[in-house]
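*Asks:* File follows, target34.cif with mmCIF, C-alpha atoms:
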```
data_protein
#
loop_
_atom_site.label_atom_id
_atom_site.label_comp_id
_atom_site.auth_asym_id
_atom_site.auth_seq_id
_atom_site.Cartn_x
_atom_site.Cartn_y
_atom_site.Cartn_z
CA MET N 8 18.76 -26.72 -2.96
CA ALA N 9 15.30 -25.34 -3.81
CA ASP N 10 13.76 -28.86 -4.10
CA PHE N 11 15.32 -29.86 -0.77
CA LEU N 12 13.88 -26.74 0.91
CA ASP N 13 10.44 -27.39 -0.58
CA ASP N 14 10.47 -30.92 0.83
CA LEU N 15 11.40 -29.59 4.28
CA ILE N 16 8.66 -26.96 4.09
CA GLY N 17 6.14 -29.63 3.13
CA MET N 18 7.19 -31.82 6.06
CA SER N 19 6.97 -28.81 8.39
CA LYS N 20 3.41 -28.05 7.21
CA GLU N 21 2.35 -31.67 7.73
CA PHE N 22 3.84 -31.62 11.23
CA ASP N 23 2.04 -28.38 12.10
CA LYS N 24 -1.24 -29.83 10.81
CA LEU N 25 -0.77 -33.01 12.87
CA LYS N 26 0.20 -30.93 15.92
CA ASN N 27 -2.99 -28.86 15.61
CA GLU N 28 -5.14 -31.98 15.23
CA LEU N 29 -3.56 -33.55 18.33
CA SER N 30 -4.09 -30.30 20.23
CA ASP N 31 -7.78 -30.26 19.27
CA MET N 32 -8.10 -33.93 20.23
CA GLY N 33 -6.56 -33.22 23.64
CA SER N 34 -8.98 -30.33 24.21
CA SER N 35 -11.92 -32.62 23.40
CA ILE N 36 -10.71 -35.29 25.84
CA LEU N 37 -10.45 -32.65 28.59
CA GLY N 38 -13.90 -31.38 27.74
CA GLU N 39 -12.52 -28.07 26.43
CA GLU N 40 -13.67 -26.49 23.20
CA PRO N 41 -10.68 -25.68 20.92
CA GLU N 42 -10.40 -21.98 20.11
CA ARG N 43 -11.81 -21.08 16.71
CA LEU N 44 -11.95 -17.79 14.87
CA VAL N 45 -15.57 -16.72 14.44
CA TRP N 46 -16.85 -15.25 11.19
CA ASN N 47 -18.62 -11.97 11.82
CA PRO N 48 -19.27 -9.72 8.79
CA SER N 49 -19.75 -6.74 11.12
CA ASP N 50 -16.04 -6.89 11.95
CA TYR N 51 -15.36 -5.62 8.43
CA LYS N 52 -17.92 -2.80 8.47
CA GLU N 53 -17.90 0.64 10.00
CA TYR N 54 -20.18 3.67 9.96
CA PRO N 55 -18.77 6.57 7.91
CA LYS N 56 -17.71 9.69 9.79
CA VAL N 57 -18.71 13.16 8.63
CA ASN N 58 -16.70 16.35 8.16
CA PRO N 59 -19.18 19.10 7.12
CA GLU N 60 -16.37 21.58 6.42
CA ARG N 61 -15.42 19.51 3.37
CA CYS N 62 -18.99 18.96 2.12
CA VAL N 63 -19.98 21.25 -0.77
CA ARG N 64 -23.69 21.02 0.13
CA SER N 65 -22.90 22.20 3.64
CA ILE N 66 -20.80 25.08 2.29
CA PHE N 67 -23.23 26.24 -0.41
CA GLU N 68 -26.98 25.60 -0.31
CA GLY N 69 -27.25 25.63 -4.11
CA ALA N 70 -24.49 23.04 -4.69
CA SER N 71 -25.41 20.51 -7.36
CA CYS N 72 -23.41 17.61 -5.86
CA THR N 73 -25.52 14.50 -5.14
CA ARG N 74 -22.74 11.89 -5.37
CA CYS N 75 -23.25 10.31 -1.94
CA LEU N 76 -27.04 10.44 -2.23
CA ASP N 77 -26.98 8.76 -5.64
CA ILE N 78 -24.72 5.89 -4.61
CA CYS N 79 -26.21 5.12 -1.16
CA PRO N 80 -28.21 1.87 -1.58
CA THR N 81 -30.52 2.56 1.38
CA ASP N 82 -31.04 6.34 1.25
CA SER N 83 -29.26 6.56 4.60
CA ILE N 84 -27.78 10.04 4.13
CA SER N 85 -29.79 13.06 5.17
CA PHE N 86 -29.25 16.79 4.59
CA GLU N 87 -32.23 18.05 6.55
CA ASP N 88 -30.18 20.60 8.51
CA GLY N 89 -27.84 21.37 5.64
CA TYR N 90 -25.19 19.02 6.96
CA PRO N 91 -24.68 15.34 6.02
CA GLU N 92 -26.01 12.90 8.58
CA ILE N 93 -25.62 9.11 8.50
CA LEU N 94 -28.91 7.43 9.47
CA LYS N 95 -29.26 4.26 11.52
CA ASP N 96 -30.30 2.06 8.57
CA CYS N 97 -26.88 2.60 6.93
CA ARG N 98 -25.47 -0.72 5.57
CA ARG N 99 -21.91 0.48 6.23
CA CYS N 100 -20.87 -0.47 2.69
CA GLY N 101 -18.51 2.52 2.38
CA LEU N 102 -19.63 3.48 -1.14
CA CYS N 103 -20.38 7.08 -0.11
CA VAL N 104 -16.79 7.39 1.12
CA GLN N 105 -15.42 6.31 -2.24
CA THR N 106 -17.55 8.74 -4.22
CA CYS N 107 -17.03 11.87 -2.09
CA PRO N 108 -14.27 13.94 -3.77
CA ASN N 109 -13.39 16.07 -0.72
CA ASN N 110 -13.26 13.39 2.00
CA ALA N 111 -16.32 14.89 3.71
CA LEU N 112 -17.36 11.28 4.40
CA TYR N 113 -14.56 8.99 5.51
CA ILE N 114 -13.70 5.72 7.23
CA THR N 115 -10.19 5.70 8.69
CA LYS N 116 -10.03 1.91 8.45
CA TYR N 117 -10.58 2.12 4.68
CA SER N 118 -8.73 5.32 3.79
CA PRO N 119 -6.88 5.22 0.43
CA ASP N 120 -3.49 4.65 2.07
CA ALA N 121 -4.90 2.08 4.51
CA LEU N 122 -6.40 0.13 1.58
CA TYR N 123 -3.12 0.35 -0.32
CA ARG N 124 -1.16 -0.99 2.66
CA LYS N 125 -3.73 -3.69 3.42
CA VAL N 126 -3.59 -5.11 -0.11
CA SER N 127 0.15 -4.65 -0.62
CA GLN N 128 1.03 -6.45 2.62
CA VAL N 129 -0.85 -9.50 1.33
CA ALA N 130 0.26 -9.22 -2.31
CA GLY N 131 3.89 -8.91 -1.24
CA VAL N 132 4.03 -12.43 0.21
CA GLN N 133 1.11 -14.36 -1.31
CA HIS N 134 0.95 -15.89 -4.78
CA THR N 135 -2.15 -13.75 -5.40
CA ALA N 136 -4.05 -11.27 -3.23
CA TYR N 137 -7.82 -11.64 -3.60
CA VAL N 138 -10.05 -8.66 -2.82
CA THR N 139 -13.61 -9.68 -1.98
CA CYS N 140 -16.63 -8.71 0.10
CA THR N 141 -18.28 -10.16 3.20
CA ARG N 142 -21.18 -11.62 1.24
CA ALA N 143 -18.99 -13.31 -1.38
CA LEU N 144 -16.65 -14.99 1.11
CA GLY N 145 -18.89 -15.82 4.03
CA HIS N 146 -16.19 -17.27 6.29
CA VAL N 147 -13.01 -16.32 8.15
CA PRO N 148 -10.58 -15.27 5.40
CA GLU N 149 -7.37 -17.05 4.50
CA ALA N 150 -4.10 -15.09 4.50
CA ALA N 151 -4.47 -14.32 0.78
CA GLN N 152 -8.05 -13.02 1.06
CA ILE N 153 -8.85 -9.37 1.80
CA VAL N 154 -12.44 -8.80 2.93
CA LEU N 155 -14.17 -5.45 2.48
CA PRO N 156 -17.76 -4.34 3.16
CA CYS N 157 -18.13 -3.91 -0.62
CA VAL N 158 -15.54 -4.11 -3.39
CA GLY N 159 -17.06 -0.91 -4.79
CA LEU N 160 -15.54 1.18 -1.99
CA ILE N 161 -12.13 1.09 -3.74
CA SER N 162 -11.80 4.00 -6.16
CA ALA N 163 -10.05 3.93 -9.54
CA GLU N 164 -7.20 5.99 -8.08
CA VAL N 165 -6.57 3.43 -5.32
CA TRP N 166 -6.92 0.46 -7.69
CA SER N 167 -4.36 2.08 -10.02
CA ALA N 168 -1.83 2.67 -7.26
CA ILE N 169 -2.14 -0.95 -6.07
CA LYS N 170 -2.11 -2.50 -9.55
CA LEU N 171 1.01 -0.61 -10.68
CA ASP N 172 3.00 -1.73 -7.63
CA TYR N 173 1.46 -5.19 -7.15
CA PRO N 174 0.21 -6.82 -10.38
CA ASN N 175 -0.67 -10.07 -8.56
CA ILE N 176 -4.06 -8.89 -7.29
CA ALA N 177 -7.46 -10.20 -8.30
CA ILE N 178 -11.12 -9.77 -7.40
CA TYR N 179 -13.15 -12.68 -6.10
CA LEU N 180 -16.90 -12.35 -6.73
CA PRO N 181 -19.03 -15.39 -7.62
CA ILE N 182 -21.35 -14.97 -10.61
CA GLY N 183 -24.66 -13.45 -9.54
CA ILE N 184 -23.50 -12.57 -6.01
CA CYS N 185 -24.10 -8.84 -6.60
CA ASP N 186 -27.57 -9.49 -8.05
CA LYS N 187 -28.73 -10.85 -4.68
CA CYS N 188 -26.99 -8.20 -2.58
CA LYS N 189 -28.97 -5.43 -0.87
CA THR N 190 -26.10 -3.05 -1.61
CA ILE N 191 -27.68 -2.56 -5.03
CA THR N 192 -25.27 0.17 -6.22
CA GLY N 193 -22.11 -1.78 -5.35
CA GLU N 194 -21.74 -3.72 -8.60
CA GLU N 195 -21.99 -0.66 -10.84
CA ALA N 196 -19.56 1.19 -8.58
CA TYR N 197 -16.87 -1.50 -8.64
CA VAL N 198 -17.26 -2.12 -12.40
CA ASN N 199 -16.89 1.60 -13.17
CA GLU N 200 -13.88 2.08 -10.87
CA VAL N 201 -12.06 -1.07 -12.00
CA SER N 202 -12.68 -0.29 -15.68
CA LEU N 203 -11.25 3.20 -15.25
CA ALA N 204 -8.22 1.84 -13.39
CA GLU N 205 -7.61 -0.65 -16.22
CA VAL N 206 -7.51 2.22 -18.73
CA TRP N 207 -5.16 4.29 -16.56
CA THR N 208 -2.76 1.42 -15.86
CA ASP N 209 -3.09 -0.23 -19.30
CA SER N 210 -3.66 -3.59 -17.60
CA THR N 211 -6.47 -6.04 -16.83
CA MET N 212 -7.82 -6.95 -13.41
CA ASP N 213 -8.33 -10.68 -12.94
CA LEU N 214 -11.80 -11.75 -11.80
CA VAL N 215 -12.20 -15.09 -10.02
CA VAL N 216 -15.78 -16.41 -9.76
CA SER N 217 -15.17 -19.68 -7.90
CA GLU N 218 -13.42 -20.07 -4.57
CA ASP N 219 -11.86 -23.31 -5.87
CA GLU N 220 -9.96 -21.28 -8.48
CA MET N 221 -8.12 -19.20 -5.88
CA VAL N 222 -4.43 -20.02 -5.32
CA LEU N 223 -4.26 -19.69 -1.54
CA GLU N 224 -0.57 -20.17 -0.94
CA THR N 225 2.47 -18.17 0.00
CA ARG N 226 4.90 -17.51 -2.81
CA ARG N 227 7.54 -20.25 -2.86
CA ASP N 228 10.48 -17.85 -2.68
CA VAL N 229 8.95 -16.21 0.40
CA GLU N 230 8.25 -19.59 2.02
CA ARG N 231 11.88 -20.67 1.49
CA LYS N 232 13.23 -17.45 2.97
CA ASN N 233 10.81 -17.64 5.89
CA PHE N 234 11.76 -21.25 6.59
CA ILE N 235 15.50 -20.57 6.54
CA GLY N 236 15.03 -17.43 8.62
CA ASN N 237 13.03 -19.30 11.29
CA ALA N 238 15.56 -22.13 11.32
CA ALA N 239 18.35 -19.62 11.72
CA LYS N 240 16.63 -17.89 14.63
CA SER N 241 16.18 -21.22 16.42
CA VAL N 242 19.97 -21.67 16.55
CA GLY N 243 20.70 -18.03 17.32
CA LEU N 244 21.96 -16.99 13.88
CA SER N 245 20.79 -14.12 11.74
CA ALA N 246 19.04 -15.15 8.52
CA ALA N 247 21.52 -13.18 6.43
CA LYS N 248 24.43 -15.20 7.87
CA VAL N 249 22.78 -18.49 6.92
CA ASN N 250 21.91 -17.44 3.40
CA PRO N 251 22.25 -13.97 1.84
CA LEU N 252 18.99 -14.54 -0.06
CA THR N 253 17.06 -14.52 3.20
CA ALA N 254 17.92 -10.85 3.61
CA ARG N 255 15.31 -10.20 0.92
CA LEU N 256 12.58 -11.45 3.25
CA ALA N 257 11.93 -7.90 4.42
CA ARG N 258 11.66 -6.53 0.89
CA THR N 259 7.88 -6.11 1.02
CA TYR N 260 8.00 -4.15 4.27
CA GLU N 261 10.92 -2.06 3.04
CA LYS N 262 8.90 -1.27 -0.07
CA LEU N 263 5.93 -0.26 2.08
CA GLU N 264 8.11 1.92 4.28
CA ALA N 265 9.57 3.60 1.20
CA HIS N 266 6.02 4.21 -0.04
CA GLN N 267 5.04 5.66 3.34
CA LEU N 268 8.01 8.02 3.29
CA LYS N 269 6.97 9.26 -0.15
CA PHE N 270 3.37 9.53 1.07
CA ASN N 271 4.47 11.66 4.03
CA GLU N 272 6.76 13.85 1.95
CA ILE N 273 4.33 14.65 -0.88
CA ASN N 274 2.67 17.53 1.03
CA LYS N 275 6.02 19.17 1.69
CA THR N 276 7.04 18.71 -1.93
CA ILE N 277 3.86 20.31 -3.26
CA ASP N 278 4.02 23.19 -0.78
CA ARG N 279 7.51 23.89 -2.06
CA LEU N 280 6.40 23.69 -5.70
CA VAL N 281 3.26 25.84 -5.50
CA GLY N 282 4.35 28.38 -2.91
CA VAL N 283 2.24 30.10 -0.25
CA LYS N 284 -1.41 31.12 -0.70
CA THR N 285 -2.35 34.79 -0.72
CA ASN N 286 -5.57 34.15 1.22
CA GLU N 287 -5.57 32.81 4.75
CA LYS N 288 -7.28 29.47 4.10
CA LYS N 289 -4.87 26.55 4.16
CA ARG N 290 -4.74 24.14 1.28
CA TYR N 291 -5.88 20.56 1.84
CA LEU N 292 -4.57 17.58 -0.11
CA THR N 293 -7.13 14.77 0.03
CA PRO N 294 -5.82 11.30 0.96
CA GLU N 295 -6.85 9.96 -2.47
CA ARG N 296 -4.96 12.70 -4.33
CA GLN N 297 -2.02 12.20 -2.00
CA LEU N 298 -1.87 8.51 -2.95
CA VAL N 299 -2.18 9.31 -6.66
CA LEU N 300 0.64 11.86 -6.58
CA THR N 301 2.82 9.46 -4.60
CA THR N 302 2.19 6.80 -7.25
CA ILE N 303 2.91 9.19 -10.11
CA LYS N 304 6.36 9.88 -8.67
CA SER N 305 7.16 6.17 -9.19
CA HIS N 306 4.91 5.46 -12.18
CA TYR N 307 4.72 8.54 -14.35
CA GLU N 308 2.68 6.64 -16.95
CA LEU N 309 -0.35 7.02 -14.66
CA ALA N 310 -0.35 10.79 -15.25
CA GLU N 311 -0.07 10.26 -19.01
CA ARG N 312 -3.27 8.16 -19.14
CA MET N 313 -5.28 9.71 -16.30
CA HIS N 314 -7.80 12.57 -16.64
CA VAL N 315 -9.07 14.92 -13.92
CA LEU N 316 -11.79 17.58 -13.67
CA ILE N 317 -10.45 21.14 -13.41
CA PRO N 318 -12.39 24.44 -13.68
CA ASP N 319 -11.74 26.61 -16.70
CA ILE N 320 -11.56 30.24 -15.50
CA LYS N 321 -12.88 33.19 -17.53
CA ASP N 322 -11.84 36.86 -17.24
CA ALA N 323 -12.08 37.65 -13.51
CA SER N 324 -11.98 41.40 -14.09
CA LEU N 325 -15.60 41.25 -15.32
CA TYR N 326 -16.86 40.05 -11.93
CA ASP N 327 -17.29 41.59 -8.49
CA GLU N 328 -14.22 41.07 -6.31
CA GLU N 329 -16.21 40.30 -3.16
CA GLU N 330 -18.12 37.50 -4.93
CA ILE N 331 -14.85 36.07 -6.26
CA LEU N 332 -13.26 36.13 -2.83
CA GLU N 333 -16.33 34.39 -1.41
CA VAL N 334 -15.87 31.53 -3.91
CA VAL N 335 -12.12 31.36 -3.34
CA ASP N 336 -12.64 31.16 0.41
CA ALA N 337 -15.37 28.51 0.02
CA CYS N 338 -13.15 26.04 -1.89
CA PRO N 339 -12.99 22.96 0.40
CA THR N 340 -9.38 22.18 -0.51
CA GLY N 341 -8.09 25.75 -0.85
CA ALA N 342 -7.14 25.12 -4.48
CA LEU N 343 -8.25 28.60 -5.62
CA ASP N 344 -6.23 31.77 -5.15
CA TYR N 345 -6.92 35.42 -6.03
CA GLU N 346 -4.36 38.20 -6.46
CA ASP N 347 -4.07 41.31 -8.67
CA GLU N 348 -7.56 40.70 -10.12
CA LYS N 349 -6.47 37.27 -11.32
CA ILE N 350 -7.67 33.86 -10.20
CA SER N 351 -5.27 30.97 -10.17
CA ILE N 352 -5.92 27.34 -9.42
CA GLU N 353 -3.57 24.71 -8.09
CA ALA N 354 -4.71 21.57 -9.90
CA LEU N 355 -2.71 19.38 -7.53
CA TYR N 356 -5.27 20.24 -4.84
CA CYS N 357 -8.43 20.58 -6.97
CA THR N 358 -10.80 17.59 -6.71
CA GLY N 359 -13.28 18.68 -9.39
CA CYS N 360 -16.11 18.95 -6.85
CA ASP N 361 -18.03 21.56 -8.97
CA LEU N 362 -18.51 23.99 -6.06
CA CYS N 363 -16.89 27.00 -7.77
CA ALA N 364 -18.91 26.35 -10.96
CA ASP N 365 -22.11 26.12 -8.91
CA MET N 366 -21.40 29.39 -7.06
CA MET N 367 -20.28 31.39 -10.14
CA PRO N 368 -21.22 29.46 -13.32
CA GLY N 369 -20.28 32.35 -15.58
CA LEU N 370 -16.73 32.52 -14.26
CA PHE N 371 -15.99 28.82 -13.76
CA THR N 372 -16.73 25.94 -16.12
CA MET N 373 -15.63 22.39 -15.35
CA GLN N 374 -13.49 20.67 -17.96
CA GLU N 375 -11.65 17.36 -18.23
CA MET N 376 -7.88 17.67 -18.41
CA ASN N 377 -5.03 15.22 -18.85
CA ALA N 378 -3.33 14.71 -15.47
CA GLU N 379 0.11 15.13 -17.01
CA LYS N 380 -0.88 18.68 -17.98
CA ALA N 381 -2.86 19.36 -14.80
CA PHE N 382 -0.03 18.21 -12.54
CA TYR N 383 2.67 19.95 -14.57
CA ARG N 384 4.31 21.30 -11.41
CA LEU N 385 5.08 17.77 -10.30
CA THR N 386 6.23 16.62 -13.77
CA PRO N 387 9.95 17.54 -13.62
CA GLU N 388 10.41 16.08 -10.14
CA ALA N 389 8.49 12.90 -10.95
CA LYS N 390 10.48 12.35 -14.13
CA LYS N 391 13.74 13.02 -12.31
CA GLU N 392 12.92 10.52 -9.54
CA ARG N 393 11.87 7.96 -12.15
CA GLU N 394 15.14 8.37 -14.04
CA GLU N 395 17.11 8.05 -10.81
CA GLU N 396 15.22 4.88 -9.87
CA LEU N 397 15.87 3.38 -13.31
CA GLU N 398 19.56 4.23 -12.96
CA ARG N 399 19.70 2.55 -9.53
CA LYS N 400 17.97 -0.49 -11.02
CA ARG N 401 20.49 -0.60 -13.89
CA GLN N 402 23.38 -0.43 -11.42
CA ARG N 403 21.89 -3.26 -9.33
CA GLU N 404 21.52 -5.41 -12.44
CA GLU N 405 25.12 -4.69 -13.43
CA GLU N 406 26.33 -5.63 -9.93
CA ARG N 407 24.29 -8.82 -10.01
CA ALA N 408 25.64 -9.75 -13.45
CA SER N 409 29.18 -9.05 -12.20
CA HIS N 410 28.69 -11.29 -9.14
CA ILE N 411 27.30 -14.09 -11.31
CA GLN N 412 30.27 -13.81 -13.63
CA GLN N 413 32.67 -13.92 -10.66
CA VAL N 414 31.01 -17.11 -9.45
CA LYS N 415 31.25 -18.63 -12.93
CA ASP N 416 34.93 -17.66 -13.19
CA PHE N 417 35.63 -19.15 -9.75
CA ALA N 418 33.80 -22.36 -10.67
CA LYS N 419 35.78 -22.62 -13.90
CA ARG N 420 39.10 -22.09 -12.10
CA ALA N 421 38.11 -24.63 -9.45
CA GLY N 422 37.20 -27.09 -12.19
CA ASP N 423 40.50 -26.54 -13.96
CA ILE N 424 42.43 -27.04 -10.72
CA SER N 425 40.48 -30.22 -9.91
CA GLU N 426 41.09 -31.55 -13.39
CA LYS N 427 44.81 -30.79 -13.13
CA ILE N 428 45.06 -32.52 -9.73
CA ALA N 429 43.26 -35.56 -11.16
CA ASP N 430 45.64 -35.64 -14.12
CA ASP N 431 48.67 -35.41 -11.79
CA ILE N 432 47.39 -38.29 -9.64
CA GLU N 433 46.73 -40.39 -12.72
CA SER N 434 50.19 -39.67 -14.19
CA LYS N 435 51.91 -40.67 -10.90
CA LYS N 436 50.11 -44.04 -10.98
CA HIS N 437 51.79 -44.76 -14.26
#
```
Just give me the structure of the file as structure tokens.

*Replies:*
Amino acid sequence: MADFLDDLIGMSKEFDKLKNELSDMGSSILGEEPERLVWNPSDYKEYPKVNPERCVRSIFEGASCTRCLDICPTDSISFEDGYPEILKDCRRCGLCVQTCPNNALYITKYSPDALYRKVSQVAGVQHTAYVTCTRALGHVPEAAQIVLPCVGLISAEVWSAIKLDYPNIAIYLPIGICDKCKTITGEEAYVNEVSLAEVWTDSTMDLVVSEDEMVLETRRDVERKNFIGNAAKSVGLSAAKVNPLTARLARTYEKLEAHQLKFNEINKTIDRLVGVKTNEKKRYLTPERQLVLTTIKSHYELAERMHVLIPDIKDASLYDEEEILEVVDACPTGALDYEDEKISIEALYCTGCDLCADMMPGLFTMQEMNAEKAFYRLTPEAKKEREEELERKRQREEERASHIQQVKDFAKRAGDISEKIADDIESKKH
């Protein structure tokens, strides 16, 4: 059945190719230019937007953070008025967005969840999803190719979330391509982020250096289901009625929708776990942290291997209450709280931006902490959901094994009946 379908798919592709060639030929005869997609690298680039309320340098003049300034390849970020400003010579590489812990610089098109969905939609149906940059590809991308301004704009947190759910992703960057690029900080950024993601996920990211090595084809199982589904629609039947396997065609989108539901629910879950703040400032969960926590609920091993920066808090009673409240109120994500002369921190919201340590270095000292310990409030729920998912998977496997056995039993009975009928016919001849 599979070989027959593959032959039909091959014939269909050849017919489509011939049909396109004939269409182009007809356009030429009529003096019309056939429509072609035009490669324009600018289509994949966008100027970062600025939210000063999240920027630690805008909040506190003495802030030590220089992350965006250090990574910008063209010195296109200015703080002349105390607020971040993107200058006109910006290359729109997006590296500053990746390095900013509080989402003070952002590009909606390349937000953590948008990147996750972009890659997963391709990885769900293609043999391999290749992440590359405008300079490396240089032409209109194929369905399996995902073009970004710079591969370095994907953070380790986003890489980890994608890799754990979709192992069939790779990076395409020809040897030496980064050496000639004017985005001079991009290579170091992507190497650092990918290396960190490999440690967290205990896996290796494939690197393809030649376009000829890329497998630019739809997964065979998806092609078969697509073909049967399209054939079914042409005769007015649902795909599931033609072949139950075709019902799995929507699996990728169902998986994405399930991810989106978890993504939307994580804020409510955390609010329920950590309770209400005593000060008036609302807590803010950054999109990157939101994606990480969503991933941890499905892949708890990420928390076991991941480390985050969290402030270590000394004895608050030794410090002036007004100064403490000033720091608590200044926290860009509202992770700090103060009550009964005690400071508490909600690590689920803390991004390790150093602001509290810069404002009161004697009271706050930044330290690296295992995410499993830092996100302890989420631990029981994440483990429970993981156990429930494993139980559902076990039940599905049992049901599948039972169905296979039923088919085998039916085939055996049918064979026995056929053999008996043949024996009866043969005996009557004699």

*Asks:* Hey, can you check how far CA of Ser65 (chain N) sits from CA of Phe86 (chain N)?

*Replies:*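 Straight-line distance from CA of Ser65 (chain N) to CA of Phe86 (chain N) works out to 8.4 Å.
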
*Asks:* Quick check on the file I pasted: which residues fall under the PyMOL selection byres ((chain N and resi 203) around 10)? Write them as a list in words.

*Replies:*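 Evaluating the PyMOL selection byres ((chain N and resi 203) around 10) on these coordinates yields Ser162, Ala163, Glu164, Trp166, Ser167, Tyr197, Val198, Asn199, Glu200, Val201, Ser202, Ala204, Glu205, Val206, Trp207, Thr208, Asp209 and Met313 of chain N.
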
*Asks:* Could you take the residues named above and write them with C-alpha atoms, as a short mmCIF file (atom, residue, chain, number, x, y, z; two decimals), keeping the file's coordinate frame?

*Replies:*
```
data_model
loop_
_atom_site.label_atom_id
_atom_site.label_comp_id
_atom_site.auth_asym_id
_atom_site.auth_seq_id
_atom_site.Cartn_x
_atom_site.Cartn_y
_atom_site.Cartn_z
CA SER N 162 -11.80 4.00 -6.16
CA ALA N 163 -10.05 3.93 -9.54
CA GLU N 164 -7.20 5.99 -8.08
CA TRP N 166 -6.92 0.46 -7.69
CA SER N 167 -4.36 2.08 -10.02
CA TYR N 197 -16.87 -1.50 -8.64
CA VAL N 198 -17.26 -2.12 -12.40
CA ASN N 199 -16.89 1.60 -13.17
CA GLU N 200 -13.88 2.08 -10.87
CA VAL N 201 -12.06 -1.07 -12.00
CA SER N 202 -12.68 -0.29 -15.68
CA ALA N 204 -8.22 1.84 -13.39
CA GLU N 205 -7.61 -0.65 -16.22
CA VAL N 206 -7.51 2.22 -18.73
CA TRP N 207 -5.16 4.29 -16.56
CA THR N 208 -2.76 1.42 -15.86
CA ASP N 209 -3.09 -0.23 -19.30
CA MET N 313 -5.28 9.71 -16.30
#
```

*Asks:* Compile the contact shell of region 319-331 of chain N as a PyMOL selection string: residues with an atom at most 8 Å away, counting all atoms listed in the file, same-chain residues fewer than 5 positions apart removed.

*Replies:* chain N and resi 345+348-350+369-374

*Asks:* Counting all atoms listed in the file, figure out which residue out of N:Glu261, N:Asp219, N:Glu379, N:Glu272 gets nearest to Ser127 (chain N).

*Replies:*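 Ranked by minimum distance to Ser127 (chain N), first place goes to N:Glu261.
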
*Asks:* Counting only C-alpha atoms, what is within 7 Å of region 112-118 of chain N, bar same-chain residues fewer than 5 positions away, as a count of residues only?

*Replies:* 7

*Asks:* Find the residue from N:Lys125, N:Leu171, N:Asp82, N:Pro318 that sits nearest to Ser351 (chain N); use only C-alpha atoms when measuring.

*Replies:*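 Selected residue with least distance to Ser351 (chain N): N:Pro318.
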
*Asks:* If I take CA of Pro148 (chain N) and CA of Lys95 (chain N), how far is one from the other in Å, to one decimal?

*Replies:*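 Distance between the two atoms: 27.7 Å.
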
*Asks:* Write out as a JSON list (two decimals) with C-alpha atoms, in the coordinates of the input which residues come within 6 Å of Ala136 (chain N) when counting all atoms listed in the file, dropping same-chain ones fewer than 6 positions away.

*Replies:*
```
[["chain", "number", "residue", "atom", "x", "y", "z"],
["N", 129, "VAL", "CA", -0.85, -9.50, 1.33],
["N", 130, "ALA", "CA", 0.26, -9.22, -2.31],
["N", 151, "ALA", "CA", -4.47, -14.32, 0.78],
["N", 176, "ILE", "CA", -4.06, -8.89, -7.29]]
```

*Asks:* Could you state which residues are captured by the PyMOL selection byres ((chain N and resi 61) around 7) in this file, as number ranges by chain?

*Replies:* N: 58-60, 62-63, 109-111, 339

*Asks:* Restricting the output to C-alpha atoms, write the selected residues as a PDB file, in the coordinates of the input.

*Replies:*
```pdb
ATOM      1  CA  ASN N  58     -16.700  16.350   8.160  1.00  0.00           C
ATOM      2  CA  PRO N  59     -19.180  19.100   7.120  1.00  0.00           C
ATOM      3  CA  GLU N  60     -16.370  21.580   6.420  1.00  0.00           C
ATOM      4  CA  CYS N  62     -18.990  18.960   2.120  1.00  0.00           C
ATOM      5  CA  VAL N  63     -19.980  21.250  -0.770  1.00  0.00           C
ATOM      6  CA  ASN N 109     -13.390  16.070  -0.720  1.00  0.00           C
ATOM      7  CA  ASN N 110     -13.260  13.390   2.000  1.00  0.00           C
ATOM      8  CA  ALA N 111     -16.320  14.890   3.710  1.00  0.00           C
ATOM      9  CA  PRO N 339     -12.990  22.960   0.400  1.00  0.00           C
TER      10      PRO N 339
END
```

*Asks:* Mind giving me the straight-line distance from CA of Arg312 (chain N) to CA of Val138 (chain N) in Å, one decimal?

*Replies:*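 Separation of CA of Arg312 (chain N) and CA of Val138 (chain N): 24.4 Å.
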
*Asks:* Could you name the residues that touch His146 (chain N) at 10 Å or less, counting only C-alpha atoms, but leaving out those on the same chain fewer than 5 positions away, as number ranges by chain?

*Replies:* N: 44-48, 141, 154

*Asks:* Just checking: using all atoms listed in the file, which residue out of N:Ile277, N:Ile169, N:Leu300, N:Leu160 ends up closest to Ser210 (chain N)?

*Replies:* N:Ile169

*Asks:* Can you give me, as JSON, numbers by chain, the residues this file yields under the PyMOL selection byres ((chain N and resi 134) around 9)?

*Replies:* {"N": [130, 131, 132, 133, 135, 136, 151, 175, 176, 222, 223, 224, 225, 226, 227]}

*Asks:* Need the shell around Asn271 (chain N): protein/DNA/RNA residues with any atom at most 12 Å away, counting all atoms listed in the file. Skip same-chain ones fewer than 3 positions apart. Format as a VMD selection string?

*Replies:* chain N and resid 120 264 to 268 274 to 277 292 294 297 to 298 300 to 301
